[in-house]
>>> print(open('upload23.cif').read())   # mmCIF, C-alpha atoms
data_my_file
#
loop_
_atom_site.label_atom_id
_atom_site.label_comp_id
_atom_site.auth_asym_id
_atom_site.auth_seq_id
_atom_site.Cartn_x
_atom_site.Cartn_y
_atom_site.Cartn_z
CA MET J 1 97.71 102.64 16.46
CA ASP J 2 100.81 100.79 15.15
CA LEU J 3 102.56 101.44 18.45
CA ILE J 4 99.75 99.69 20.36
CA THR J 5 99.61 96.82 17.87
CA HIS J 6 103.34 96.12 18.10
CA TRP J 7 103.31 96.62 21.87
CA LEU J 8 100.57 94.05 22.40
CA GLY J 9 102.29 91.64 20.01
CA ASN J 10 105.61 91.85 21.87
CA MET J 11 104.17 91.82 25.40
CA PRO J 12 103.90 88.00 25.79
CA ASP J 13 107.51 87.52 24.70
CA PHE J 14 108.69 89.86 27.45
CA ALA J 15 106.26 88.45 30.04
CA VAL J 16 107.08 84.73 29.73
CA PRO J 17 110.50 84.86 31.52
CA PHE J 18 108.97 86.75 34.45
CA ALA J 19 106.08 84.29 34.62
CA LEU J 20 108.19 81.11 34.53
CA ALA J 21 110.75 82.43 37.02
CA ALA J 22 108.03 83.55 39.43
CA LEU J 23 106.29 80.18 39.15
CA GLY J 24 109.53 78.38 39.97
CA LEU J 25 110.03 80.61 43.01
CA ILE J 26 106.47 79.93 44.19
CA ILE J 27 107.04 76.16 44.11
CA SER J 28 110.19 76.48 46.19
CA GLU J 29 108.79 79.03 48.63
CA ARG J 30 105.53 77.12 49.10
CA ALA J 31 107.79 74.42 50.56
CA GLY J 32 109.26 76.97 52.96
CA VAL J 33 112.55 77.69 51.17
CA LEU J 34 113.30 81.35 50.47
CA SER J 35 114.96 81.44 47.06
CA LEU J 36 116.87 84.61 46.21
CA GLY J 37 119.12 82.93 43.64
CA ALA J 38 116.74 83.26 40.69
CA GLU J 39 118.97 85.79 38.89
CA GLY J 40 121.89 83.38 38.94
CA LEU J 41 119.87 80.33 37.95
CA MET J 42 118.40 82.23 35.01
CA LEU J 43 121.93 83.00 33.83
CA VAL J 44 122.83 79.31 34.09
CA GLY J 45 119.73 78.38 32.10
CA ALA J 46 120.51 81.01 29.48
CA LEU J 47 124.10 79.89 28.99
CA ALA J 48 123.23 76.19 28.93
CA GLY J 49 120.41 76.81 26.46
CA VAL J 50 122.67 78.61 24.03
CA GLY J 51 125.39 75.99 24.43
CA VAL J 52 123.02 73.12 23.67
CA GLN J 53 121.42 75.02 20.83
CA LEU J 54 124.83 75.65 19.24
CA ALA J 55 125.56 71.92 19.53
CA VAL J 56 122.30 70.32 18.38
CA HIS J 57 120.38 73.18 16.71
CA GLU J 58 117.15 72.04 18.33
CA PRO J 59 115.39 74.69 20.50
CA GLY J 60 113.29 72.16 22.40
CA ILE J 61 116.34 70.20 23.53
CA ALA J 62 118.14 73.48 24.30
CA LEU J 63 115.33 74.51 26.67
CA LEU J 64 115.48 71.10 28.35
CA GLY J 65 119.21 71.66 28.75
CA SER J 66 118.45 75.00 30.43
CA MET J 67 116.14 73.31 32.92
CA LEU J 68 118.57 70.50 33.64
CA ALA J 69 121.54 72.85 34.12
CA ALA J 70 119.69 75.15 36.53
CA ALA J 71 118.35 72.19 38.52
CA THR J 72 121.85 70.71 38.73
CA VAL J 73 123.40 73.94 40.00
CA SER J 74 120.57 74.35 42.52
CA ILE J 75 121.63 71.10 44.21
CA LEU J 76 124.43 73.12 45.79
CA PHE J 77 121.88 75.60 47.19
CA ALA J 78 119.56 72.79 48.30
CA VAL J 79 122.29 70.99 50.22
CA MET J 80 123.30 74.22 51.96
CA VAL J 81 119.84 75.31 53.09
CA VAL J 82 118.08 71.96 53.59
CA TRP J 83 120.72 69.76 55.18
CA LEU J 84 123.42 72.18 56.37
CA ARG J 85 120.79 74.78 57.41
CA VAL J 86 122.82 77.72 56.09
CA ASN J 87 120.95 81.03 56.27
CA GLN J 88 118.72 81.02 53.19
CA VAL J 89 119.23 84.71 52.41
CA ILE J 90 123.01 84.43 52.47
CA ALA J 91 122.96 81.17 50.49
CA GLY J 92 120.69 82.70 47.84
CA LEU J 93 122.89 85.78 47.42
CA ALA J 94 126.01 83.61 47.27
CA LEU J 95 124.37 81.49 44.58
CA VAL J 96 123.70 84.57 42.44
CA PHE J 97 127.31 85.77 42.57
CA PHE J 98 128.62 82.24 42.00
CA CYS J 99 126.43 81.79 38.92
CA GLN J 100 127.36 85.21 37.55
CA GLY J 101 131.04 84.36 37.73
CA LEU J 102 130.60 80.80 36.50
CA THR J 103 128.52 81.71 33.46
CA GLY J 104 130.78 84.62 32.54
CA LEU J 105 133.82 82.37 32.71
CA LEU J 106 132.29 79.45 30.82
CA GLY J 107 130.75 81.68 28.18
CA THR J 108 134.14 83.18 27.41
CA VAL J 109 136.20 79.98 27.64
CA LEU J 110 133.77 77.94 25.52
CA GLY J 111 133.39 80.71 22.94
CA TRP J 112 129.59 80.93 23.28
CA THR J 113 129.46 84.71 23.84
CA ASN J 114 127.75 86.67 21.03
CA GLN J 115 127.19 83.48 19.00
CA PRO J 116 123.77 83.82 17.29
CA VAL J 117 121.40 80.84 17.49
CA THR J 118 118.18 79.96 15.75
CA GLY J 119 115.01 80.11 17.84
CA LEU J 120 111.48 78.92 17.24
CA ASP J 121 109.27 80.07 14.41
CA VAL J 122 106.14 82.07 15.16
CA LEU J 123 102.97 79.96 15.20
CA PRO J 124 99.92 82.03 14.14
CA LEU J 125 96.59 80.91 15.63
CA GLY J 126 94.47 80.95 12.48
CA PRO J 127 91.94 83.79 12.09
CA LEU J 128 92.76 85.15 15.55
CA ALA J 129 96.18 86.23 14.26
CA GLN J 130 94.46 88.42 11.64
CA LEU J 131 92.40 90.43 14.13
CA PRO J 132 93.08 94.17 14.05
CA LEU J 133 95.00 95.67 16.96
CA ILE J 134 95.20 92.45 19.06
CA GLY J 135 96.20 90.01 16.32
CA GLY J 136 99.84 90.09 17.47
CA LEU J 137 98.83 88.37 20.71
CA PHE J 138 98.09 85.27 18.65
CA ARG J 139 101.33 85.26 16.66
CA GLN J 140 103.76 83.81 19.21
CA ASN J 141 106.12 80.89 19.58
CA VAL J 142 104.82 77.66 21.09
CA VAL J 143 106.35 78.30 24.53
CA VAL J 144 104.17 81.38 24.95
CA TYR J 145 101.08 79.29 24.28
CA LEU J 146 102.28 76.57 26.67
CA THR J 147 102.95 78.94 29.56
CA PRO J 148 99.29 79.21 30.76
CA LEU J 149 99.09 75.41 30.54
CA ILE J 150 102.20 75.09 32.71
CA PHE J 151 100.57 77.41 35.24
CA ALA J 152 97.35 75.35 35.19
CA LEU J 153 99.32 72.15 35.82
CA VAL J 154 101.21 73.67 38.75
CA VAL J 155 98.00 75.05 40.29
CA TRP J 156 96.38 71.63 39.91
CA TYR J 157 99.41 69.96 41.45
CA LEU J 158 99.55 72.32 44.45
CA ASN J 159 95.82 72.26 45.18
CA ARG J 160 94.51 68.93 43.92
CA THR J 161 97.19 66.32 44.49
CA VAL J 162 98.37 64.65 47.69
CA SER J 163 101.98 65.46 46.83
CA GLY J 164 101.14 69.14 46.29
CA LEU J 165 99.23 69.38 49.57
CA ARG J 166 102.17 67.79 51.37
CA LEU J 167 104.51 70.35 49.81
CA ARG J 168 102.34 73.18 51.07
CA ALA J 169 102.06 71.57 54.51
CA VAL J 170 105.86 71.47 54.73
CA GLY J 171 105.97 75.17 53.94
CA GLU J 172 103.30 76.07 56.46
CA ASN J 173 104.26 73.91 59.43
CA PRO J 174 107.14 71.47 58.95
CA GLN J 175 106.85 70.14 62.51
CA ALA J 176 103.22 69.11 61.98
CA ALA J 177 104.04 67.74 58.54
CA ASP J 178 106.85 65.66 59.99
CA ALA J 179 104.56 64.33 62.71
CA ALA J 180 102.13 63.29 59.95
CA GLY J 181 104.86 61.25 58.29
CA ILE J 182 105.77 63.65 55.49
CA PRO J 183 109.52 63.65 54.66
CA VAL J 184 110.19 67.36 55.17
CA LEU J 185 113.79 67.54 53.98
CA ARG J 186 113.19 65.44 50.88
CA THR J 187 110.11 67.46 49.97
CA ARG J 188 112.01 70.72 50.28
CA PHE J 189 114.95 69.34 48.28
CA LEU J 190 112.71 68.25 45.40
CA ALA J 191 110.78 71.53 45.50
CA ILE J 192 114.02 73.46 45.07
CA LEU J 193 115.02 71.31 42.09
CA ALA J 194 111.62 71.60 40.41
CA GLY J 195 111.42 75.36 40.98
CA SER J 196 114.98 75.85 39.74
CA ALA J 197 114.20 73.93 36.55
CA LEU J 198 111.41 76.41 35.76
CA ILE J 199 113.72 79.33 36.56
CA GLY J 200 116.30 77.83 34.21
CA LEU J 201 113.63 77.54 31.55
CA ALA J 202 112.97 81.27 31.98
CA GLY J 203 116.65 82.00 31.38
CA GLY J 204 116.75 79.65 28.41
CA TYR J 205 113.75 81.38 26.91
CA ILE J 206 115.52 84.75 27.06
CA ALA J 207 118.70 83.45 25.41
CA VAL J 208 117.38 80.88 22.93
CA LEU J 209 114.00 82.28 21.88
CA SER J 210 114.05 85.99 22.66
CA THR J 211 117.51 87.50 22.15
CA LYS J 212 118.90 84.37 20.41
CA LEU J 213 122.43 84.74 21.78
CA TRP J 214 124.37 84.69 25.03
CA ILE J 215 125.93 87.74 26.68
CA ALA J 216 127.31 87.81 30.22
CA GLY J 217 124.72 89.19 32.63
CA MET J 218 122.06 89.18 29.94
CA THR J 219 119.14 88.56 32.31
CA GLY J 220 119.52 92.16 33.42
CA GLY J 221 117.93 91.83 36.86
CA ARG J 222 114.83 89.94 35.74
CA GLY J 223 115.45 87.35 38.45
CA TRP J 224 115.28 90.03 41.12
CA ILE J 225 112.08 91.40 39.63
CA ALA J 226 110.65 87.87 39.73
CA VAL J 227 111.39 87.76 43.46
CA GLY J 228 109.35 90.95 43.92
CA LEU J 229 106.68 89.58 41.64
CA VAL J 230 106.15 86.58 43.94
CA ILE J 231 105.51 88.93 46.86
CA PHE J 232 103.18 90.99 44.69
CA ALA J 233 101.31 87.79 43.79
CA ARG J 234 101.24 86.64 47.43
CA TRP J 235 102.47 83.23 46.36
CA SER J 236 99.48 82.70 44.04
CA PRO J 237 100.45 81.38 40.55
CA TRP J 238 97.59 83.10 38.73
CA ARG J 239 98.31 86.46 40.33
CA ALA J 240 101.97 85.93 39.37
CA LEU J 241 100.92 85.44 35.76
CA VAL J 242 98.99 88.73 35.83
CA GLY J 243 101.98 90.46 37.39
CA ALA J 244 104.27 89.01 34.72
CA LEU J 245 102.05 90.55 32.05
CA LEU J 246 102.32 93.88 33.87
CA PHE J 247 106.12 93.83 33.94
CA GLY J 248 106.32 92.34 30.45
CA GLY J 249 104.09 95.14 29.21
CA ILE J 250 106.38 97.75 30.72
CA GLU J 251 109.49 96.19 29.17
CA ALA J 252 107.78 95.79 25.81
CA LEU J 253 106.68 99.42 25.82
CA ILE J 254 110.21 100.86 26.14
CA PRO J 255 111.53 99.80 22.69
CA GLN J 256 108.21 100.70 21.08
CA LEU J 257 108.45 104.25 22.41
CA ALA J 258 112.00 104.48 21.07
CA ALA J 259 110.89 103.18 17.67
CA ALA J 260 108.12 105.77 17.61
CA GLY J 261 110.72 108.52 18.01
CA ILE J 262 109.83 109.31 21.62
CA SER J 263 113.16 110.14 23.23
CA LEU J 264 113.63 109.09 26.85
CA PRO J 265 116.75 109.45 29.03
CA GLN J 266 118.73 106.17 28.97
CA TYR J 267 119.01 105.86 32.73
CA PHE J 268 115.31 106.58 33.18
CA VAL J 269 114.53 103.72 30.81
CA LEU J 270 116.91 101.37 32.62
CA MET J 271 115.47 102.09 36.04
CA THR J 272 111.80 101.97 35.02
CA PRO J 273 111.17 98.24 35.77
CA TYR J 274 112.76 98.59 39.19
CA VAL J 275 110.80 101.74 40.02
CA VAL J 276 107.64 99.82 39.18
CA THR J 277 108.87 96.93 41.36
CA LEU J 278 109.34 99.29 44.31
CA GLY J 279 105.89 100.78 43.70
CA VAL J 280 104.33 97.33 43.62
CA MET J 281 106.07 96.33 46.84
CA VAL J 282 104.73 99.44 48.60
CA TRP J 283 101.25 98.75 47.26
CA VAL J 284 101.39 95.15 48.45
CA ALA J 285 102.57 96.22 51.90
CA LEU J 286 99.62 98.61 52.20
CA ALA J 287 97.06 96.27 50.65
CA ARG J 288 97.77 93.20 52.75
CA ARG J 289 97.22 94.79 56.15
CA GLY J 290 95.33 92.30 58.27
CA SER J 291 95.92 89.41 55.86
CA ASP J 292 99.26 87.66 55.50
CA GLU J 293 99.48 84.89 52.91
CA THR J 294 103.18 84.25 53.40
CA PRO J 295 103.95 80.52 53.87
CA GLY J 296 104.17 80.03 57.62
CA ALA J 297 107.66 78.51 57.68
CA LEU J 298 109.19 80.50 54.81
CA GLY J 299 112.91 80.94 55.36
CA GLU J 300 113.00 78.75 58.46
CA PRO J 301 115.40 75.77 58.49
CA TYR J 302 114.06 72.52 59.89
CA LEU J 303 115.67 69.96 62.13
CA ARG J 304 113.55 67.19 63.63
CA GLU J 305 115.08 67.53 67.09
CA GLU J 306 114.12 71.23 67.23
CA ARG J 307 110.38 70.76 67.57
CA ARG J 308 108.66 73.71 69.19
#
>>> encode(input="upload23.cif", output="structure tokens")
Amino acid sequence: MDLITHWLGNMPDFAVPFALAALGLIISERAGVLSLGAEGLMLVGALAGVGVQLAVHEPGIALLGSMLAAATVSILFAVMVVWLRVNQVIAGLALVFFCQGLTGLLGTVLGWTNQPVTGLDVLPLGPLAQLPLIGGLFRQNVVVYLTPLIFALVVWYLNRTVSGLRLRAVGENPQAADAAGIPVLRTRFLAILAGSALIGLAGGYIAVLSTKLWIAGMTGGRGWIAVGLVIFARWSPWRALVGALLFGGIEALIPQLAAAGISLPQYFVLMTPYVVTLGVMVWVALARRGSDETPGALGEPYLREERR
């Protein structure tokens, strides 16, 4: 019973980075830009968050620093894929390796590696936090509680606002959107920056609120899992949130099994999230036969003179 109680209590903490990163990817890819650089942007957000937290000792400002840093670095990616029309797959992979090297270098040079930081205190939700078995779900930091609200705001923006509908139109058919007077390149550029800010927030959450320190490569492939999670969710924010809980539940279960004395091979534990990712991808491929919800222009560069 204790294993289940602790597992449920830790699940949201593990799920939030997946959820925020996937939501950032959805914003970018709804505008037609394939973003494979999430792993690198999460590292940038993590490093910047720890650096700001060491300087000001204020977690809220540190998370804002994570968002700003990731959005700033993503300008390089945005210029390459939006204006220079570099292949989006290659540009995304290059961004990951660039960010891995950059964060490793800066973390060492600035002396931020293995420096502990203070996170946010747990905020119990009154009597709900005292419930047996599931009470841990209601003893989280404030970012966990805000995550569903962030999702609701993004869903409202994409489906209920003129700007959101224009973003989706650019991702579905940029030629038609351009003919309707929508600035395609500017919309894609801003979508990349907004999505990257959320991805940076995911990285900042891991470093500032979860592990509370910076280590090179500390995201551990969560950015890649978020990429698979977007496909699993078929670019739907709410389905992405459910998927994030699935992957967060798997990650939260591993340390609980170890604490309970259940011995598992180290490499089996390390590969478990990726095995689940592969399984989900196969399931999605089989389940979506006859229905494709991929944004129509995903991964396609746009140039006004190349109307088809």
>>> resolve_selection(input="upload23.cif", expression="the PyMOL selection byres ((chain J and resi 170-180) around 8)", output="NGL selection string")
:J and (29-33 or 166-169 or 181-184 or 187-188 or 295-298 or 302 or 304 or 307-308)
>>> residues_near_point(input="upload23.cif", point="(111.6, 84.0, 31.6)", cutoff="7 Å", atoms="all atoms listed in the file", output="MDAnalysis selection string")
chainID J and resid 16:21 201:203 205:206
>>> resolve_selection(input="upload23.cif", expression="the PyMOL selection byres ((chain J and resi 221) around 10)", output="short mmCIF file (atom, residue, chain, number, x, y, z; two decimals) with C-alpha atoms, keeping the file's coordinate frame")
data_model
loop_
_atom_site.label_atom_id
_atom_site.label_comp_id
_atom_site.auth_asym_id
_atom_site.auth_seq_id
_atom_site.Cartn_x
_atom_site.Cartn_y
_atom_site.Cartn_z
CA ALA J 38 116.74 83.26 40.69
CA GLU J 39 118.97 85.79 38.89
CA GLY J 40 121.89 83.38 38.94
CA MET J 42 118.40 82.23 35.01
CA GLY J 217 124.72 89.19 32.63
CA MET J 218 122.06 89.18 29.94
CA THR J 219 119.14 88.56 32.31
CA GLY J 220 119.52 92.16 33.42
CA ARG J 222 114.83 89.94 35.74
CA GLY J 223 115.45 87.35 38.45
CA TRP J 224 115.28 90.03 41.12
CA ILE J 225 112.08 91.40 39.63
CA ALA J 226 110.65 87.87 39.73
CA PRO J 273 111.17 98.24 35.77
CA TYR J 274 112.76 98.59 39.19
#
>>> residues_near_point(input="upload23.cif", point="(127.0, 83.1, 43.0)", cutoff="12 Å", atoms="all atoms listed in the file", output="number ranges by chain")
J: 36-44, 73-74, 76-77, 90-104
>>> resolve_selection(input="upload23.cif", expression="the PyMOL selection byres ((chain J and resi 249-260) around 10)", output="list in words")
Asp2, Leu3, Ile4, Thr5, His6, Trp7, Leu8, Gly9, Asn10, Met11, Pro12, Asp13, Phe14, Ala15, Gly243, Ala244, Leu245, Leu246, Phe247, Gly248, Gly261, Ile262, Ser263, Leu264, Val269, Leu270, Thr272, Pro273 and Val276 of chain J
>>> atom_distance(input="upload23.cif", atom1="atom CA of J:Leu229", atom2="atom CA of J:Ala22")
6.6 Å
>>> atom_distance(input="upload23.cif", atom1="atom CA of J:Ser196", atom2="atom CA of J:Asn141")
22.6 Å
